[in-house]
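Source file model_17.cif; content: mmCIF, C-alpha atoms.
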data_target
#
loop_
_atom_site.label_atom_id
_atom_site.label_comp_id
_atom_site.auth_asym_id
_atom_site.auth_seq_id
_atom_site.Cartn_x
_atom_site.Cartn_y
_atom_site.Cartn_z
CA MET A 1 19.31 2.55 -17.27
CA ASP A 2 17.67 1.54 -20.54
CA ASP A 3 14.83 3.86 -21.63
CA ALA A 4 12.76 0.81 -22.58
CA VAL A 5 12.87 -0.43 -18.95
CA ILE A 6 11.60 2.95 -17.75
CA ARG A 7 8.84 3.00 -20.38
CA ARG A 8 7.79 -0.55 -19.47
CA THR A 9 7.82 0.34 -15.75
CA ILE A 10 5.54 3.32 -16.40
CA SER A 11 3.05 1.37 -18.52
CA ALA A 12 3.02 -1.67 -16.21
CA SER A 13 2.56 0.54 -13.11
CA ALA A 14 -0.27 2.41 -14.83
CA LEU A 15 -2.02 -0.83 -15.83
CA PHE A 16 -1.49 -2.31 -12.37
CA THR A 17 -3.06 0.78 -10.75
CA VAL A 18 -6.35 0.85 -12.71
CA ALA A 19 -8.25 -1.87 -10.80
CA PRO A 20 -7.26 -0.71 -7.26
CA ALA A 21 -8.00 2.89 -8.31
CA LEU A 22 -11.49 1.85 -9.40
CA ALA A 23 -11.94 0.26 -5.95
CA ILE A 24 -10.91 3.58 -4.39
CA LEU A 25 -13.45 5.31 -6.66
CA ILE A 26 -16.15 2.96 -5.35
CA GLY A 27 -15.08 4.05 -1.86
CA VAL A 28 -15.47 7.69 -2.86
CA ILE A 29 -18.95 6.96 -4.21
CA SER A 30 -20.04 5.05 -1.09
CA LEU A 31 -18.64 7.68 1.30
CA SER A 32 -20.32 10.43 -0.77
CA GLN A 33 -23.73 9.24 0.43
CA PHE A 34 -22.63 10.22 3.94
CA LEU A 35 -20.23 13.13 3.35
CA GLY A 36 -20.98 14.47 -0.13
CA LEU A 37 -18.41 14.19 -2.93
CA PRO A 38 -15.63 16.75 -2.27
CA LEU A 39 -14.34 15.51 1.11
CA PRO A 40 -14.14 11.77 0.21
CA TRP A 41 -12.62 12.76 -3.15
CA VAL A 42 -9.84 14.78 -1.53
CA ARG A 43 -9.29 12.35 1.36
CA LEU A 44 -9.06 9.25 -0.85
CA SER A 45 -6.77 11.00 -3.36
CA VAL A 46 -4.12 11.61 -0.68
CA LEU A 47 -2.66 9.93 2.41
CA GLY A 48 -4.99 7.31 3.81
CA ALA A 49 -6.87 4.35 2.44
CA LEU A 50 -10.43 3.13 2.16
CA THR A 51 -9.87 0.90 5.20
CA TYR A 52 -9.03 3.99 7.25
CA GLU A 53 -11.34 6.75 5.98
CA LEU A 54 -14.67 5.03 6.74
CA PRO A 55 -13.81 4.03 10.36
CA ALA A 56 -12.43 7.54 10.94
CA ALA A 57 -15.63 9.16 9.64
CA GLN A 58 -17.75 6.73 11.66
CA SER A 59 -15.75 7.37 14.84
CA ALA A 60 -16.06 11.16 14.51
CA ALA A 61 -19.78 10.97 13.68
CA SER A 62 -20.37 8.68 16.63
CA ALA A 63 -18.54 11.13 18.94
CA MET A 64 -20.96 13.80 17.71
CA GLY A 65 -23.97 11.55 18.42
CA ILE A 66 -24.61 10.31 14.85
CA GLN A 67 -24.73 6.53 14.53
CA SER A 68 -25.83 6.01 10.91
CA THR A 69 -23.53 6.62 7.98
CA ALA A 70 -26.35 6.02 5.48
CA THR A 71 -27.73 9.58 5.47
CA LEU A 72 -26.01 12.77 4.32
CA VAL A 73 -24.40 14.89 7.05
CA THR A 74 -25.98 18.34 6.97
CA ASP A 75 -24.77 19.75 10.32
CA PRO A 76 -21.64 21.89 9.59
CA GLN A 77 -20.16 21.19 13.03
CA VAL A 78 -20.46 17.42 12.59
CA PHE A 79 -19.01 17.68 9.07
CA SER A 80 -16.15 19.79 10.37
CA ALA A 81 -15.43 17.33 13.22
CA ILE A 82 -15.36 14.45 10.71
CA ALA A 83 -12.95 16.38 8.45
CA TRP A 84 -10.61 17.08 11.41
CA VAL A 85 -10.64 13.47 12.65
CA MET A 86 -10.10 12.02 9.14
CA THR A 87 -7.11 14.32 8.68
CA LEU A 88 -5.47 14.14 12.11
CA GLY A 89 -5.99 10.39 12.55
CA ILE A 90 -3.66 9.47 9.68
CA LEU A 91 -0.81 11.96 10.06
CA SER A 92 1.61 9.84 12.14
CA GLY A 93 3.24 8.06 9.20
CA ILE A 94 3.89 11.17 7.15
CA LEU A 95 5.30 12.96 10.22
CA VAL A 96 7.73 10.10 10.83
CA VAL A 97 8.72 10.30 7.14
CA LEU A 98 9.22 14.05 7.43
CA PHE A 99 11.38 13.95 10.55
CA GLY A 100 12.81 10.42 10.59
CA LEU A 101 13.26 8.99 7.08
CA LYS A 102 16.80 10.29 6.71
CA LYS A 103 17.82 8.68 10.03
CA ILE A 104 16.09 5.41 9.15
CA GLU A 105 17.98 5.29 5.84
CA HIS A 106 21.29 6.04 7.57
CA GLY A 107 20.59 3.09 9.86
CA LEU A 108 19.85 0.83 6.88
CA ASP A 109 23.03 1.99 5.14
CA ARG A 110 25.06 1.16 8.24
CA ILE A 111 23.57 -2.36 8.32
CA ARG A 112 24.33 -2.76 4.58
CA GLN A 113 27.96 -1.69 5.02
CA LYS A 114 28.47 -3.74 8.18
CA ASP A 115 27.02 -7.05 7.01
CA ALA A 116 25.75 -7.40 3.43
CA LYS A 117 24.43 -10.93 4.08
CA LYS A 118 22.31 -9.85 7.05
CA SER A 119 21.16 -6.74 5.19
CA SER A 120 19.96 -8.90 2.29
CA LEU A 121 18.18 -11.20 4.75
CA LEU A 122 16.53 -8.18 6.41
CA MET A 123 15.21 -6.91 3.05
CA ASP A 124 13.92 -10.35 2.10
CA SER A 125 12.26 -10.70 5.52
CA LEU A 126 10.49 -7.35 5.07
CA PHE A 127 9.16 -8.34 1.63
CA LEU A 128 8.11 -11.83 2.72
CA GLY A 129 6.78 -10.55 6.06
CA MET A 130 4.35 -8.29 4.24
CA ILE A 131 3.25 -10.95 1.75
CA CYS A 132 2.87 -13.63 4.47
CA ALA A 133 0.76 -11.30 6.67
CA PHE A 134 -1.61 -10.48 3.80
CA THR A 135 -1.70 -14.11 2.65
CA GLY A 136 -2.55 -15.18 6.22
CA LEU A 137 -5.36 -12.60 6.17
CA LEU A 138 -7.05 -14.58 3.38
CA PHE A 139 -7.74 -17.32 5.97
CA ALA A 140 -9.45 -15.00 8.48
CA ASP A 141 -13.01 -15.94 7.40
CA ILE A 142 -12.35 -19.67 7.00
CA GLN A 143 -14.56 -20.49 10.02
CA GLN A 144 -17.58 -19.26 8.02
CA GLY A 145 -17.35 -22.35 5.81
CA LEU A 146 -17.41 -22.28 2.02
CA PRO A 147 -18.21 -18.54 1.59
CA GLY A 148 -15.29 -17.75 3.90
CA MET A 149 -12.97 -19.61 1.53
CA ILE A 150 -13.75 -17.38 -1.48
CA PRO A 151 -10.63 -15.19 -0.92
CA ILE A 152 -8.45 -18.35 -0.84
CA ALA A 153 -10.05 -19.65 -4.06
CA VAL A 154 -9.51 -16.27 -5.76
CA ALA A 155 -5.87 -16.26 -4.63
CA LEU A 156 -5.43 -19.81 -5.98
CA VAL A 157 -6.81 -18.80 -9.40
CA SER A 158 -4.44 -15.83 -9.41
CA MET A 159 -1.55 -18.16 -8.45
CA ILE A 160 -2.38 -20.58 -11.28
CA LEU A 161 -2.53 -17.70 -13.76
CA MET A 162 0.85 -16.46 -12.52
CA ALA A 163 2.32 -19.96 -12.88
CA LEU A 164 1.04 -20.03 -16.49
CA CYS A 165 2.59 -16.62 -17.11
CA GLY A 166 5.87 -17.90 -15.63
CA LEU A 167 5.81 -20.84 -18.03
CA MET A 168 5.08 -18.57 -20.99
CA ILE A 169 7.98 -16.29 -20.01
CA ARG A 170 10.49 -19.09 -19.47
CA ARG A 171 9.46 -21.68 -22.04
CA LEU A 172 7.90 -19.56 -24.80
CA HIS A 173 10.07 -16.47 -24.12
CA VAL A 174 7.11 -14.07 -24.07
CA LYS A 175 9.30 -11.29 -22.65
CA TRP A 176 6.66 -8.53 -22.52
CA LEU A 177 4.76 -10.58 -19.93
CA GLU A 178 7.51 -9.95 -17.35
CA GLN A 179 6.14 -6.47 -16.70
CA TYR A 180 2.44 -7.18 -17.19
CA ALA A 181 2.04 -10.61 -15.55
CA LEU A 182 1.10 -9.25 -12.11
CA PRO A 183 -1.61 -6.77 -13.21
CA LEU A 184 -3.05 -9.30 -15.69
CA CYS A 185 -3.16 -12.10 -13.09
CA MET A 186 -4.73 -9.72 -10.57
CA LEU A 187 -7.43 -8.82 -13.10
CA GLY A 188 -7.91 -12.51 -13.90
CA GLY A 189 -8.35 -13.28 -10.20
CA MET A 190 -10.86 -10.45 -9.82
CA ILE A 191 -12.89 -11.68 -12.80
CA ALA A 192 -12.80 -15.25 -11.42
CA ALA A 193 -14.17 -13.91 -8.11
CA ILE A 194 -17.55 -13.28 -9.80
CA PRO A 195 -18.42 -16.94 -10.68
CA LEU A 196 -16.53 -18.22 -7.60
CA THR A 197 -18.72 -16.10 -5.32
CA GLN A 198 -21.85 -17.48 -6.99
CA LEU A 199 -20.56 -21.06 -6.80
CA MET A 200 -19.40 -20.84 -3.18
CA GLY A 201 -22.44 -19.01 -1.93
CA GLY A 202 -20.89 -15.66 -1.01
CA MET B 1 25.25 32.80 0.25
CA ALA B 2 22.22 31.29 1.88
CA LYS B 3 21.37 29.70 -1.45
CA ASN B 4 24.73 27.86 -1.54
CA THR B 5 24.46 26.43 1.96
CA MET B 6 20.92 25.22 1.22
CA LYS B 7 21.91 23.51 -2.03
CA PRO B 8 21.80 19.71 -1.71
CA GLN B 9 24.99 17.92 -2.86
CA THR B 10 23.97 14.42 -3.96
CA TYR B 11 20.88 12.75 -5.42
CA THR B 12 19.95 11.32 -2.01
CA GLU B 13 20.47 14.64 -0.26
CA ALA B 14 18.46 16.40 -2.95
CA THR B 15 15.65 13.83 -2.63
CA HIS B 16 15.55 14.33 1.16
CA PHE B 17 15.65 18.12 0.75
CA TYR B 18 12.81 18.30 -1.78
CA GLY B 19 10.97 15.39 -0.17
CA ARG B 20 10.89 17.18 3.18
CA LEU B 21 9.98 20.48 1.57
CA TRP B 22 7.02 19.11 -0.40
CA THR B 23 5.93 16.79 2.40
CA SER B 24 5.73 19.86 4.67
CA PHE B 25 3.57 21.62 2.07
CA ALA B 26 1.43 18.50 1.69
CA ILE B 27 0.82 18.27 5.47
CA LEU B 28 -0.08 21.95 5.46
CA MET B 29 -2.52 21.37 2.58
CA PHE B 30 -4.06 18.37 4.38
CA LEU B 31 -4.66 20.52 7.46
CA MET B 32 -6.07 23.34 5.35
CA ILE B 33 -9.02 21.13 4.30
CA PRO B 34 -10.70 20.82 7.74
CA MET B 35 -9.52 24.37 8.50
CA ALA B 36 -11.29 25.68 5.37
CA VAL B 37 -14.45 23.72 6.27
CA SER B 38 -14.43 25.17 9.80
CA VAL B 39 -13.75 28.73 8.61
CA HIS B 40 -16.22 28.61 5.69
CA TYR B 41 -19.13 27.28 7.75
CA ASN B 42 -17.95 29.03 10.92
CA ALA B 43 -18.30 25.62 12.50
CA TRP B 44 -15.63 24.78 15.04
CA PRO B 45 -16.34 21.40 16.60
CA PRO B 46 -15.76 21.05 20.35
CA LEU B 47 -12.20 19.83 21.00
CA THR B 48 -13.54 17.05 23.24
CA ASP B 49 -15.65 15.66 20.35
CA VAL B 50 -12.67 15.71 17.98
CA LEU B 51 -10.54 13.99 20.63
CA ARG B 52 -13.26 11.39 21.25
CA GLY B 53 -13.47 10.77 17.51
CA LEU B 54 -9.69 10.48 17.32
CA MET B 55 -9.63 8.01 20.21
CA GLY B 56 -11.64 5.64 18.01
CA VAL B 57 -9.03 5.50 15.28
CA ALA B 58 -5.75 7.09 16.39
CA PRO B 59 -4.44 4.30 18.70
CA VAL B 60 -4.51 1.81 15.82
CA PHE B 61 -3.85 4.05 12.82
CA TRP B 62 -1.09 6.13 14.44
CA THR B 63 0.66 2.90 15.40
CA VAL B 64 0.16 1.44 11.93
CA GLY B 65 1.37 4.70 10.35
CA VAL B 66 4.64 4.64 12.29
CA ILE B 67 5.16 0.92 11.65
CA GLU B 68 4.50 1.38 7.92
CA VAL B 69 7.40 3.82 7.60
CA PHE B 70 9.88 1.34 9.07
CA THR B 71 8.43 -1.57 7.08
CA TYR B 72 7.87 0.02 3.69
CA ALA B 73 10.60 2.68 3.43
CA PRO B 74 13.36 0.11 2.68
CA MET B 75 11.20 -1.32 -0.12
CA LEU B 76 10.03 2.00 -1.57
CA GLY B 77 13.35 3.85 -1.52
CA THR B 78 13.80 7.53 -0.64
CA GLY B 79 11.80 9.20 -3.42
CA GLY B 80 9.15 6.49 -3.43
CA THR B 81 8.63 6.80 0.33
CA TYR B 82 8.14 10.57 0.26
CA LEU B 83 5.67 10.24 -2.63
CA ALA B 84 3.82 7.20 -1.30
CA PHE B 85 3.29 8.68 2.17
CA VAL B 86 1.68 11.75 0.62
CA THR B 87 -0.54 9.83 -1.80
CA GLY B 88 -1.50 6.89 0.48
CA SER B 89 -2.95 3.42 -0.26
CA LEU B 90 0.43 1.86 0.58
CA SER B 91 -0.19 -1.83 1.18
CA SER B 92 -3.00 -2.23 -1.36
CA LEU B 93 -1.40 -0.28 -4.18
CA LYS B 94 1.97 1.49 -3.92
CA VAL B 95 4.07 -1.28 -2.33
CA PRO B 96 2.82 -4.09 -4.65
CA CYS B 97 3.27 -1.72 -7.60
CA VAL B 98 6.93 -1.18 -6.62
CA LEU B 99 7.46 -4.92 -6.00
CA ASN B 100 6.14 -5.59 -9.51
CA ALA B 101 8.35 -2.93 -11.09
CA LEU B 102 11.53 -4.09 -9.31
CA ASP B 103 10.86 -7.77 -9.90
CA ALA B 104 10.06 -7.35 -13.59
CA ALA B 105 13.22 -5.30 -14.15
CA GLY B 106 15.33 -7.69 -12.06
CA VAL B 107 16.48 -4.81 -9.88
CA LYS B 108 17.23 -4.85 -6.17
CA PRO B 109 15.84 -2.23 -3.73
CA GLY B 110 18.46 -0.01 -2.15
CA THR B 111 20.43 0.26 -5.40
CA GLU B 112 20.46 3.32 -7.69
CA GLU B 113 18.33 1.50 -10.28
CA GLY B 114 15.92 0.32 -7.58
CA GLU B 115 15.61 3.86 -6.24
CA ALA B 116 14.84 5.25 -9.73
CA LEU B 117 12.36 2.54 -10.68
CA SER B 118 10.47 2.57 -7.37
CA THR B 119 10.10 6.37 -7.56
CA ILE B 120 8.83 6.11 -11.15
CA ALA B 121 6.39 3.30 -10.19
CA VAL B 122 4.97 5.21 -7.21
CA ALA B 123 4.72 8.44 -9.21
CA THR B 124 2.93 6.70 -12.11
CA SER B 125 0.59 4.89 -9.73
CA SER B 126 -0.21 8.14 -7.88
CA LEU B 127 -0.95 10.03 -11.10
CA VAL B 128 -3.14 7.25 -12.51
CA THR B 129 -5.07 6.95 -9.21
CA THR B 130 -5.68 10.71 -9.13
CA LEU B 131 -6.77 10.65 -12.78
CA VAL B 132 -9.09 7.63 -12.37
CA ILE B 133 -10.77 9.16 -9.30
CA ALA B 134 -11.12 12.57 -11.00
CA LEU B 135 -12.56 11.05 -14.20
CA GLY B 136 -14.83 8.85 -12.09
CA VAL B 137 -16.12 11.81 -10.09
CA PHE B 138 -16.83 13.81 -13.26
CA GLY B 139 -18.51 10.81 -14.88
CA ILE B 140 -20.22 9.65 -11.70
CA GLY B 141 -23.68 9.60 -13.29
CA PHE B 142 -22.48 7.13 -15.90
CA LEU B 143 -20.03 5.11 -13.77
CA GLN B 144 -21.93 4.72 -10.49
CA PRO B 145 -24.48 2.16 -11.79
CA ILE B 146 -21.67 0.13 -13.39
CA LEU B 147 -19.26 0.20 -10.44
CA GLU B 148 -22.00 -0.45 -7.90
CA ASN B 149 -23.56 -3.23 -9.96
CA PRO B 150 -23.97 -6.24 -7.61
CA VAL B 151 -22.59 -8.55 -10.33
CA LEU B 152 -19.21 -6.75 -10.21
CA ALA B 153 -19.13 -6.40 -6.40
CA PRO B 154 -17.25 -9.71 -5.79
CA ALA B 155 -14.49 -8.60 -8.20
CA PHE B 156 -13.82 -5.39 -6.28
CA ASP B 157 -14.23 -7.16 -2.90
CA ASN B 158 -11.43 -9.55 -3.87
CA ILE B 159 -8.70 -7.22 -5.12
CA MET B 160 -6.33 -8.14 -2.26
CA PRO B 161 -6.73 -11.96 -2.65
CA ALA B 162 -6.26 -11.59 -6.44
CA LEU B 163 -3.12 -9.51 -5.88
CA MET B 164 -1.68 -11.61 -3.05
CA GLY B 165 -2.16 -14.90 -4.92
CA SER B 166 0.16 -13.93 -7.75
CA LEU B 167 2.60 -11.99 -5.54
CA ALA B 168 2.81 -14.93 -3.11
CA LEU B 169 3.61 -17.38 -5.91
CA VAL B 170 6.41 -15.17 -7.25
CA TYR B 171 8.06 -14.50 -3.89
CA PHE B 172 7.41 -17.84 -2.17
CA SER B 173 8.76 -19.82 -5.12
CA LYS B 174 12.01 -17.84 -4.94
CA ASN B 175 12.47 -18.13 -1.22
CA TRP B 176 10.17 -20.83 0.15
CA LYS B 177 12.49 -21.77 3.02
CA LEU B 178 12.37 -18.25 4.42
CA ALA B 179 8.63 -17.83 3.72
CA LEU B 180 7.47 -21.08 5.34
CA THR B 181 7.65 -20.11 9.04
CA PRO B 182 6.01 -16.65 8.86
CA LEU B 183 3.37 -18.01 6.46
CA ILE B 184 2.37 -20.85 8.82
CA CYS B 185 2.39 -18.45 11.80
CA MET B 186 0.23 -15.87 10.02
CA ILE B 187 -2.28 -18.44 8.72
CA ALA B 188 -2.57 -19.99 12.20
CA LEU B 189 -2.97 -16.56 13.78
CA PHE B 190 -5.77 -15.42 11.45
CA VAL B 191 -7.58 -18.79 11.61
CA CYS B 192 -7.50 -18.76 15.43
CA VAL B 193 -8.15 -15.03 15.91
CA PRO B 194 -10.15 -13.76 12.89
CA SER B 195 -10.74 -10.42 14.63
CA LEU B 196 -7.06 -9.59 13.96
CA ALA B 197 -8.05 -8.94 10.32
CA GLY B 198 -8.48 -5.26 11.17
CA SER B 199 -4.93 -5.06 12.55
CA VAL B 200 -3.05 -6.59 9.64
CA GLY B 201 -0.87 -3.46 9.39
CA ILE B 202 0.52 -4.16 12.86
CA LEU B 203 1.13 -7.81 11.99
CA VAL B 204 3.29 -7.03 8.94
CA PRO B 205 6.40 -6.20 11.02
CA VAL B 206 5.63 -9.15 13.35
CA SER B 207 5.62 -11.41 10.31
CA ALA B 208 8.84 -9.79 9.06
CA LEU B 209 10.51 -10.38 12.45
CA ILE B 210 9.44 -14.04 12.37
CA ALA B 211 10.93 -14.34 8.86
CA LEU B 212 14.13 -12.64 10.04
CA GLY B 213 14.43 -14.92 13.09
CA ALA B 214 13.77 -18.02 10.99
CA GLY B 215 16.25 -16.78 8.37
CA LEU B 216 19.01 -16.27 10.94
CA LEU B 217 18.43 -19.78 12.32
CA LEU B 218 18.41 -21.26 8.80
CA GLN B 219 21.61 -19.39 7.94
CA LYS B 220 23.25 -20.64 11.13
CA ALA B 221 22.24 -24.21 10.33
CA GLY B 222 23.56 -23.78 6.79
CA LEU B 223 20.12 -24.41 5.31
CA LEU B 224 19.80 -20.97 3.74
CA ASP B 225 22.37 -20.33 1.11
CA SER B 226 22.43 -16.54 0.93
CA LYS B 227 23.15 -16.51 -2.80
CA LYS B 228 20.59 -19.10 -3.82
CA ASP B 229 17.83 -18.74 -1.27
CA SER B 230 18.06 -15.20 -0.02
CA SER B 231 17.46 -13.48 -3.31
CA THR B 232 13.79 -12.61 -3.18
CA THR B 233 14.28 -9.21 -4.70
CA THR B 234 16.81 -9.91 -7.40
CA ASP B 235 15.74 -12.88 -9.49
CA LYS B 236 14.10 -12.07 -12.76
CA ASP B 237 11.78 -15.00 -13.24
CA ALA B 238 8.07 -14.32 -13.00
#
Transcribe the structure of this file into C-alpha cells.
Amino acid sequence: MDDAVIRRTISASALFTVAPALAILIGVISLSQFLGLPLPWVRLSVLGALTYELPAAQSAASAMGIQSTATLVTDPQVFSAIAWVMTLGILSGILVVLFGLKKIEHGLDRIRQKDAKKSSLLMDSLFLGMICAFTGLLFADIQQGLPGMIPIAVALVSMILMALCGLMIRRLHVKWLEQYALPLCMLGGMIAAIPLTQLMGG
Amino acid sequence: MAKNTMKPQTYTEATHFYGRLWTSFAILMFLMIPMAVSVHYNAWPPLTDVLRGLMGVAPVFWTVGVIEVFTYAPMLGTGGTYLAFVTGSLSSLKVPCVLNALDAAGVKPGTEEGEALSTIAVATSSLVTTLVIALGVFGIGFLQPILENPVLAPAFDNIMPALMGSLALVYFSKNWKLALTPLICMIALFVCVPSLAGSVGILVPVSALIALGAGLLLQKAGLLDSKKDSSTTTDKDA
C-alpha cells in the first residue's frame, strides 16, 4: 500500500476525530460536577460513550437513594457503587469480542467463500443499516414542530456541503478533498447548527 | 518449546492472539478502577445496590454491546474491532472514521488493505481522543467557559446530524435502491415512536436486516445489479 494513502488516512482520521472528541470532553466536564474529574476522565477515555456513562451513573446513584446528579458525590460507598455499575454495565461487547470475534470472522469468511455476491450484499446492508438507523433518528423530534426539525436542517446543510465537495473532486479534480470532505462537512454542519438553532427556535 | 506453540502463524492469527491478550489486560484494568476506589476508601457498596443500579442500564446496554460486535466487526476488521471495543465511542466516532478512511482510499472492508486502513483509522482516532481529553482536562480552567458557552452548545448538540448528513449522501447516492426501504422504515419508526431514540443501537441490526431482505428481493427481481448497485464500500467518489 502506498505510504501517501497511509499518511492521508492518519491525518484525515485525526481531523475527523477532533470535533467528536471535544464533545466527549464536554461530557467529562459535565459529569465532573457529579463525580469529580478522574472517574469521568477514565470512563470516557475507554469503552463506553457519553450516551451510556450518564444513565449508568444516574441508575447507580438512584439505587443508592440519590436522585440529583447536579451535586458532587461525597459518600465513598455511593461513589464506589457508581464506579462498579459504570464499569460492569458496558462489558458485554468487549467480552463477546474477547471470546467470539474469531468465530464471527470465521463465519463471515465462510459466507464470503460460499457466495461472494451475497457476502457483498451483507456488507452493504450492514453499512446502510447503520446509516439508515441514525438518519431515521434525526426525525425522532419532528412532532415538536420547527425546533424538532433542527437536526434534519443540520443534516441537509451537511449533505449540500458534501455534494459541493463531490463536485469539486470530480469536476475540479481537487484530490486532497477525498480524505477531508467528511470531517470538513461535519464541521460545516456543526457551525451551521448555531444560526439554524436561533432561526428555528431551538 | 512453549514459545513455539504459542507463536501465531499469520497476520490474522497474530492479530487475534495480541488482540485477545491486550483485551484481557484492558478488561482487567477496567475492573481495577472500581476495585481501587473500593479498596482505597474501604467502601464496598452492597451487592443489591450495585445489582439494582445495573438493572437500570444492563438490559439495554448489554444487548446493544453484543449487537454492536456482530454489526460493527465486519466493518472495522480484526485489529480495528479489538481496538475500538477497548476505546469505545463506536457509532459516533470509530465506525464513521473507518467508513471515511475506506471510502476515501477506495478500499473494501474484509480485504488486506481494508484491514490495515481500518486499524490505522481506529488507532489514530483513539490516540487523538485520548490526547484531546487529556489536554482538555489539564486546560479545563481555560477550556470550560469556551466549551460550555451557550452559543456553541447547538454545534456540539448536532454532531450526529452533521455527520450523518454527509455520510448519508455518500452512501445513499451509491446505493439508493438498497437504502430506500430501510430508510423509509427507520424514518417511519422514529416519527411514530420517538421514544425509540434511546434504543437506536438495537435498531441498527434491524435496519440492516431490512436492507438485506430488500436487497435479496431486488436481486431476485433483477433490479439490483451486484456490480453497479451493490458497491457501497468500493466506489471512490465522494
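Once the PyMOL selection byres ((chain B and resi 45) around 6) is applied to the shown structure, the selection contains Gln77 and Ala81 of chain A; Trp44 and Pro46 of chain B.
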How would the residues just chosen look if you wrote them out with C-alpha atoms as an mmCIF file, in the frame of the given file?
data_model
loop_
_atom_site.group_PDB
_atom_site.id
_atom_site.type_symbol
_atom_site.label_atom_id
_atom_site.label_comp_id
_atom_site.auth_asym_id
_atom_site.auth_seq_id
_atom_site.Cartn_x
_atom_site.Cartn_y
_atom_site.Cartn_z
ATOM 1 C CA GLN A 77 -20.160 21.190 13.030
ATOM 2 C CA ALA A 81 -15.430 17.330 13.220
ATOM 3 C CA TRP B 44 -15.630 24.780 15.040
ATOM 4 C CA PRO B 46 -15.760 21.050 20.350
#
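Applied to this file, the PyMOL selection byres ((chain A and resi 150) around 9) selects the residues Leu138, Ile142, Leu146, Pro147, Gly148, Met149, Pro151, Ile152, Ala153, Val154, Ala155, Ala193, Leu196, Thr197, Met200, Gly201 and Gly202 of chain A; Asn158 and Pro161 of chain B.
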Name the residues in contact with Leu169 of chain B at a cut-off of 12 Å, using only C-alpha atoms, excluding same-chain residues fewer than 3 positions from it; report them as a CSV table (one decimal) with C-alpha atoms, in the coordinates of the input.
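After the write, result.csv holds the following:
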chain,number,residue,atom,x,y,z
A,128,LEU,CA,8.1,-11.8,2.7
A,131,ILE,CA,3.2,-11.0,1.8
A,132,CYS,CA,2.9,-13.6,4.5
A,135,THR,CA,-1.7,-14.1,2.6
A,155,ALA,CA,-5.9,-16.3,-4.6
A,156,LEU,CA,-5.4,-19.8,-6.0
A,157,VAL,CA,-6.8,-18.8,-9.4
A,158,SER,CA,-4.4,-15.8,-9.4
A,159,MET,CA,-1.6,-18.2,-8.4
A,160,ILE,CA,-2.4,-20.6,-11.3
A,161,LEU,CA,-2.5,-17.7,-13.8
A,162,MET,CA,0.8,-16.5,-12.5
A,163,ALA,CA,2.3,-20.0,-12.9
A,164,LEU,CA,1.0,-20.0,-16.5
A,165,CYS,CA,2.6,-16.6,-17.1
A,166,GLY,CA,5.9,-17.9,-15.6
A,181,ALA,CA,2.0,-10.6,-15.6
A,182,LEU,CA,1.1,-9.2,-12.1
A,185,CYS,CA,-3.2,-12.1,-13.1
B,162,ALA,CA,-6.3,-11.6,-6.4
B,163,LEU,CA,-3.1,-9.5,-5.9
B,164,MET,CA,-1.7,-11.6,-3.0
B,165,GLY,CA,-2.2,-14.9,-4.9
B,166,SER,CA,0.2,-13.9,-7.8
B,172,PHE,CA,7.4,-17.8,-2.2
B,173,SER,CA,8.8,-19.8,-5.1
B,174,LYS,CA,12.0,-17.8,-4.9
B,175,ASN,CA,12.5,-18.1,-1.2
B,176,TRP,CA,10.2,-20.8,0.2
B,179,ALA,CA,8.6,-17.8,3.7
B,232,THR,CA,13.8,-12.6,-3.2
B,237,ASP,CA,11.8,-15.0,-13.2
B,238,ALA,CA,8.1,-14.3,-13.0
For this structure, which residues satisfy the selection - the PyMOL selection byres ((chain B and resi 17) around 12) - when it is evaluated on the file as given? I want them as a ChimeraX atom specification.
/A:98-99,101-102 /B:6-16,18-24,78-79,82
Mind dumping the selected residues with C-alpha atoms as a tab-separated table (two decimals), in the frame of the given file?
chain	number	residue	atom	x	y	z
A	98	LEU	CA	9.22	14.05	7.43
A	99	PHE	CA	11.38	13.95	10.55
A	101	LEU	CA	13.26	8.99	7.08
A	102	LYS	CA	16.80	10.29	6.71
B	6	MET	CA	20.92	25.22	1.22
B	7	LYS	CA	21.91	23.51	-2.03
B	8	PRO	CA	21.80	19.71	-1.71
B	9	GLN	CA	24.99	17.92	-2.86
B	10	THR	CA	23.97	14.42	-3.96
B	11	TYR	CA	20.88	12.75	-5.42
B	12	THR	CA	19.95	11.32	-2.01
B	13	GLU	CA	20.47	14.64	-0.26
B	14	ALA	CA	18.46	16.40	-2.95
B	15	THR	CA	15.65	13.83	-2.63
B	16	HIS	CA	15.55	14.33	1.16
B	18	TYR	CA	12.81	18.30	-1.78
B	19	GLY	CA	10.97	15.39	-0.17
B	20	ARG	CA	10.89	17.18	3.18
B	21	LEU	CA	9.98	20.48	1.57
B	22	TRP	CA	7.02	19.11	-0.40
B	23	THR	CA	5.93	16.79	2.40
B	24	SER	CA	5.73	19.86	4.67
B	78	THR	CA	13.80	7.53	-0.64
B	79	GLY	CA	11.80	9.20	-3.42
B	82	TYR	CA	8.14	10.57	0.26
Residues within 12 Å of Trp176 of chain A, please, as JSON, numbers by chain. Count only C-alpha atoms; anything in the same chain fewer than 3 positions from it doesn't count.
{"A": [4, 5, 7, 8, 9, 11, 12, 165, 166, 168, 169, 170, 172, 173, 179, 180, 181, 182, 184], "B": [104, 105, 238]}
Just need the box for segment 9-23 of chain B, edges along x, y and z, holding every atom the file lists for it with 6 Å tacked onto each side, so centre and edge lengths in Å to one decimal, as AutoDock Vina command-line options.
--center_x 15.5 --center_y 15.9 --center_z -1.1 --size_x 31.1 --size_y 21.2 --size_z 20.6
Do you have the atom CA of Leu126 of chain A-atom CA of Val64 of chain B distance handy?
15.2 Å
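The shortest atom-to-atom distance to chain A, with all atoms listed in the file taken into account, belongs to B:Met186 out of B:Ala36, B:Leu135, B:Met29, B:Met186.
Across the model, the gap from atom CA of Met123 of chain A to atom CA of Leu44 of chain A is 29.4 Å.
Atom CA of Trp41 of chain A sits 18.9 Å away from atom CA of Ala123 of chain B.
Nearest residue to chain A among B:Met55, B:Ala208, B:Val151, B:Leu218 is B:Ala208, counting all atoms listed in the file.
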